[in-house]
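Take a look at the structure below.
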Number of protein chains: 2
Amino acid sequence: MKLLEERIVKDGQVRPGNILKVDAFLNHQLDVDLLDEIGKEFYRIYKNDGINKILTIEASGIAIACMTARYFNVPVVFAKKAQSKNLDGDLLTSTVHSFTYGKDYNITLAKKFLGPEDKVLILDDFLAVGKAMHGLLDVCKQAGATVGGIGIAIEKGFQPGGASLRADGYKLTSLAIVDSMGDDGSIQFRPQDEN
Amino acid sequence: MKLLEERIVKDGQVRPGNILKVDAFLNHQLDVDLLDEIGKEFYRIYKNDGINKILTIEASGIAIACMTARYFNVPVVFAKKAQSKNLDGDLLTSTVHSFTYGKDYNITLAKKFLGPEDKVLILDDFLAVGKAMHGLLDVCKQAGATVGGIGIAIEKGFQPGGASLRADGYKLTSLAIVDSMGDDGSIQFRPQDEN
């Protein structure tokens, strides 16, 4: 998606350790016009896939999920990263390893909001190693829900998450795939058809 | 806002300890049509107040903030509840006491996203004691930003947060104010003009 790639070049910041900061528009400050275009693009790609629910994980994924759900006219459900006192009833849980923080955490979803009748579009802002995504897929499997597609704003193409999910046969779309970042702050995107 | 009150009656659940669960549509599963109507209503109320930024706090606030920001055509910035490794540069921080969890936590916002040029609409899903809201107001004060208004989906009118903020002179709008909840699951709303 050219619009997103251009925005990453304009306002993203490359930091040592292959860190790409997009906090100016995607995961701290939010450009709602851009999110709306992202939602429109996910709808264009998945509109014929029978999606009846959008699944994401707090916090940044919620913004993309809501703006996309407007186009699909379906509910969003977001997994929580910490056990909340206000979650009760039967819960779906999965353990996720965070490389950023070097520890495991649990993601949690109330069982009543995901079931065998659901065909889910899973959305998130970033895909790198893919541990959080595998937690969401595990939750879908426990619920008996079908995964209709996976939509990512920015994939780090030099990390294994995307390749692994494609090899597993998921319909994965990353609107921008960063293949490498230079010490000079340059960013190389993987060429993609937008058809 | 009648639509929200009706939805609370229909899908909200009263639990012992004055807990009101609205996870079916507001803070776990999200009804995006309802959020859109909430956003439209906040725009109706604050559209002439010179708002140029919407401030909220992760996680549920992000959904309301994004849907409202579409109407204002302004960016959202959300405070983070945990120190993130991906936050750097100068930070605004404030300590918030959580009654739900019985402990303090820090909220954090990158200084570059809030400043004296900003007139802010602060949005959140719930207002009860108001500790998180006071953290957001503290962050605005540190940034030199002006608070143009505060918008809440559901206020627990029997807790002191709302009265205190109104006494302080803030233009606070809570779309539904729950004045009491009965052991039988009944909910009494405070009558409000919608003008």
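Just remember, in the structure tokens the first chain shown is A, the second B, etc., residues are 1-based per chain, and ligands are 1-based in the order shown.
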
Quiz item: For chain B against chain A, which residues fall within 6 Å using only C-alpha atoms, given as a PyMOL selection string?
Solution: chain B and resi 28-31+59+75-78

Exercise. Extract, using only C-alpha atoms, all DNA, RNA and protein residues at most 7 Å from segment 188-192 of chain B, discarding same-chain residues fewer than 3 positions from it, and format them as a PyMOL selection string.
Key: chain B and resi 176-181

Quiz prompt | For Lys131 of chain B: contacts at 7 Å, only C-alpha atoms, fewer than 3 positions along chain excluded, given as a ChimeraX atom specification | solution = /B:96-97,134-135

Quiz prompt | Residue list (strand (DSSP E), DSSP) for segment 89-182 of chain A, as an NGL selection string | solution = :A and (91-98 or 103-110 or 119-127 or 146-156 or 172-181)

Give me, as a tab-separated table, the closest atom pair and its distance (Å, one decimal) for every residue of segment 21-93 of chain B within a cut-off of 8 Å of segment 140-156 of chain B, counting only C-alpha atoms, rows sorted by chain and rising number.
residue	atom	partner	partner_atom	distance
B:Ile38	CA	B:Ala153	CA	7.5
B:Phe42	CA	B:Gly151	CA	6.8
B:Tyr46	CA	B:Gly149	CA	7.2
B:Asp49	CA	B:Gly148	CA	6.3
B:Gly50	CA	B:Gly148	CA	7.4
B:Ile51	CA	B:Gly148	CA	6.4
B:Leu92	CA	B:Gln142	CA	7.0

Self-check item: In segment 11-192 of chain A, DSSP alpha helix (DSSP H) residues written as JSON, numbers by chain
Solution: {"A": [11, 32, 33, 34, 35, 36, 37, 38, 39, 40, 41, 42, 43, 44, 45, 46, 60, 61, 62, 63, 64, 65, 66, 67, 68, 69, 70, 71, 72, 131, 132, 133, 134, 135, 136, 137, 138, 139, 140, 141, 142, 143, 161, 162, 163, 164, 165, 166, 167]}

Mind writing the picked residues with N, CA and C atoms as a compact mmCIF listing (two decimals), in the first residue's frame?
# COMPACT_ATOMS: atom_id res chain seq x y z
N ASP A 11 7.56 9.62 8.17
CA ASP A 11 7.44 9.84 9.62
C ASP A 11 7.96 8.69 10.48
N VAL A 32 -6.04 9.11 12.04
CA VAL A 32 -7.30 8.39 11.80
C VAL A 32 -7.64 8.33 10.31
N ASP A 33 -7.22 9.33 9.54
CA ASP A 33 -7.41 9.26 8.08
C ASP A 33 -6.64 8.10 7.48
N LEU A 34 -5.40 7.95 7.92
CA LEU A 34 -4.59 6.83 7.43
C LEU A 34 -5.20 5.49 7.86
N LEU A 35 -5.63 5.41 9.11
CA LEU A 35 -6.26 4.18 9.60
C LEU A 35 -7.51 3.85 8.80
N ASP A 36 -8.23 4.90 8.41
CA ASP A 36 -9.42 4.68 7.61
C ASP A 36 -9.06 4.09 6.24
N GLU A 37 -7.99 4.59 5.64
CA GLU A 37 -7.54 4.04 4.35
C GLU A 37 -7.07 2.60 4.51
N ILE A 38 -6.41 2.31 5.63
CA ILE A 38 -5.98 0.94 5.92
C ILE A 38 -7.20 0.03 6.04
N GLY A 39 -8.22 0.51 6.74
CA GLY A 39 -9.45 -0.28 6.90
C GLY A 39 -10.12 -0.54 5.56
N LYS A 40 -10.14 0.49 4.72
CA LYS A 40 -10.75 0.37 3.39
C LYS A 40 -10.00 -0.67 2.56
N GLU A 41 -8.67 -0.68 2.68
CA GLU A 41 -7.86 -1.62 1.91
C GLU A 41 -8.08 -3.06 2.39
N PHE A 42 -8.15 -3.24 3.71
CA PHE A 42 -8.43 -4.60 4.21
C PHE A 42 -9.81 -5.07 3.75
N TYR A 43 -10.76 -4.15 3.70
CA TYR A 43 -12.09 -4.52 3.22
C TYR A 43 -12.04 -4.94 1.75
N ARG A 44 -11.30 -4.19 0.95
CA ARG A 44 -11.16 -4.51 -0.48
C ARG A 44 -10.61 -5.94 -0.64
N ILE A 45 -9.67 -6.30 0.20
CA ILE A 45 -8.97 -7.59 0.05
C ILE A 45 -9.81 -8.75 0.59
N TYR A 46 -10.56 -8.53 1.69
CA TYR A 46 -11.23 -9.64 2.38
C TYR A 46 -12.75 -9.59 2.30
N SER A 60 -2.64 -1.22 20.32
CA SER A 60 -2.66 -0.52 19.03
C SER A 60 -3.57 -1.19 18.02
N GLY A 61 -3.69 -2.51 18.09
CA GLY A 61 -4.54 -3.22 17.14
C GLY A 61 -5.99 -2.76 17.18
N ILE A 62 -6.43 -2.26 18.32
CA ILE A 62 -7.82 -1.83 18.46
C ILE A 62 -8.17 -0.73 17.47
N ALA A 63 -7.25 0.19 17.24
CA ALA A 63 -7.51 1.30 16.33
C ALA A 63 -7.73 0.79 14.92
N ILE A 64 -6.83 -0.04 14.43
CA ILE A 64 -6.95 -0.60 13.08
C ILE A 64 -8.21 -1.45 12.97
N ALA A 65 -8.47 -2.24 14.00
CA ALA A 65 -9.64 -3.13 13.97
C ALA A 65 -10.94 -2.34 13.88
N CYS A 66 -11.06 -1.28 14.68
CA CYS A 66 -12.30 -0.49 14.65
C CYS A 66 -12.51 0.19 13.31
N MET A 67 -11.46 0.76 12.77
CA MET A 67 -11.61 1.48 11.51
C MET A 67 -11.91 0.51 10.37
N THR A 68 -11.42 -0.72 10.48
CA THR A 68 -11.71 -1.73 9.45
C THR A 68 -13.12 -2.29 9.62
N ALA A 69 -13.53 -2.48 10.86
CA ALA A 69 -14.85 -3.07 11.14
C ALA A 69 -15.99 -2.21 10.60
N ARG A 70 -15.78 -0.91 10.54
CA ARG A 70 -16.80 -0.02 9.94
C ARG A 70 -17.15 -0.46 8.53
N TYR A 71 -16.14 -0.87 7.77
CA TYR A 71 -16.39 -1.27 6.38
C TYR A 71 -17.09 -2.62 6.31
N PHE A 72 -16.71 -3.53 7.20
CA PHE A 72 -17.30 -4.87 7.18
C PHE A 72 -18.66 -4.91 7.87
N LYS A 131 4.85 -14.16 17.44
CA LYS A 131 4.42 -14.86 18.65
C LYS A 131 3.01 -14.44 19.09
N ALA A 132 2.73 -13.14 19.05
CA ALA A 132 1.39 -12.68 19.44
C ALA A 132 0.34 -13.24 18.47
N MET A 133 0.69 -13.26 17.18
CA MET A 133 -0.26 -13.78 16.18
C MET A 133 -0.54 -15.27 16.43
N HIS A 134 0.49 -16.03 16.78
CA HIS A 134 0.25 -17.44 17.07
C HIS A 134 -0.62 -17.61 18.32
N GLY A 135 -0.52 -16.70 19.26
CA GLY A 135 -1.42 -16.71 20.41
C GLY A 135 -2.86 -16.49 19.97
N LEU A 136 -3.08 -15.54 19.05
CA LEU A 136 -4.44 -15.29 18.56
C LEU A 136 -4.96 -16.48 17.76
N LEU A 137 -4.10 -17.09 16.95
CA LEU A 137 -4.51 -18.28 16.19
C LEU A 137 -4.86 -19.42 17.13
N ASP A 138 -4.10 -19.55 18.20
CA ASP A 138 -4.38 -20.60 19.19
C ASP A 138 -5.74 -20.37 19.85
N VAL A 139 -6.03 -19.13 20.15
CA VAL A 139 -7.33 -18.79 20.74
C VAL A 139 -8.47 -19.13 19.77
N CYS A 140 -8.27 -18.83 18.48
CA CYS A 140 -9.28 -19.18 17.46
C CYS A 140 -9.49 -20.70 17.40
N LYS A 141 -8.39 -21.43 17.46
CA LYS A 141 -8.47 -22.89 17.40
C LYS A 141 -9.24 -23.43 18.60
N GLN A 142 -8.93 -22.92 19.79
CA GLN A 142 -9.64 -23.34 20.99
C GLN A 142 -11.14 -23.06 20.88
N ALA A 143 -11.47 -21.92 20.24
CA ALA A 143 -12.88 -21.52 20.13
C ALA A 143 -13.60 -22.28 19.03
N GLY A 161 8.04 -14.35 11.05
CA GLY A 161 6.60 -14.51 11.27
C GLY A 161 5.78 -14.62 10.00
N GLY A 162 6.00 -13.73 9.04
CA GLY A 162 5.19 -13.71 7.82
C GLY A 162 5.39 -14.96 6.98
N ALA A 163 6.65 -15.33 6.76
CA ALA A 163 6.95 -16.50 5.94
C ALA A 163 6.32 -17.76 6.53
N SER A 164 6.39 -17.87 7.85
CA SER A 164 5.84 -19.04 8.53
C SER A 164 4.31 -19.12 8.37
N LEU A 165 3.64 -17.98 8.50
CA LEU A 165 2.17 -17.97 8.37
C LEU A 165 1.76 -18.26 6.93
N ARG A 166 2.51 -17.74 5.95
CA ARG A 166 2.20 -18.03 4.54
C ARG A 166 2.42 -19.51 4.25
N ALA A 167 3.49 -20.07 4.81
CA ALA A 167 3.76 -21.50 4.61
C ALA A 167 2.64 -22.35 5.20

Quiz prompt | Å distance separating atom CA of Lys103 of chain B from atom CA of Gln159 of chain B, one decimal place | solution = 18.7 Å

Self-check item: For segment 13-17 of chain A: contacts at 8 Å, only C-alpha atoms, fewer than 5 positions along chain excluded, given as JSON, numbers by chain
Solution: {"A": [8, 22, 181, 182, 183, 185, 186, 187]}

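Between atom CA of Asp168 of chain B and atom CA of Val129 of chain B the interatomic distance comes to 14.6 Å.
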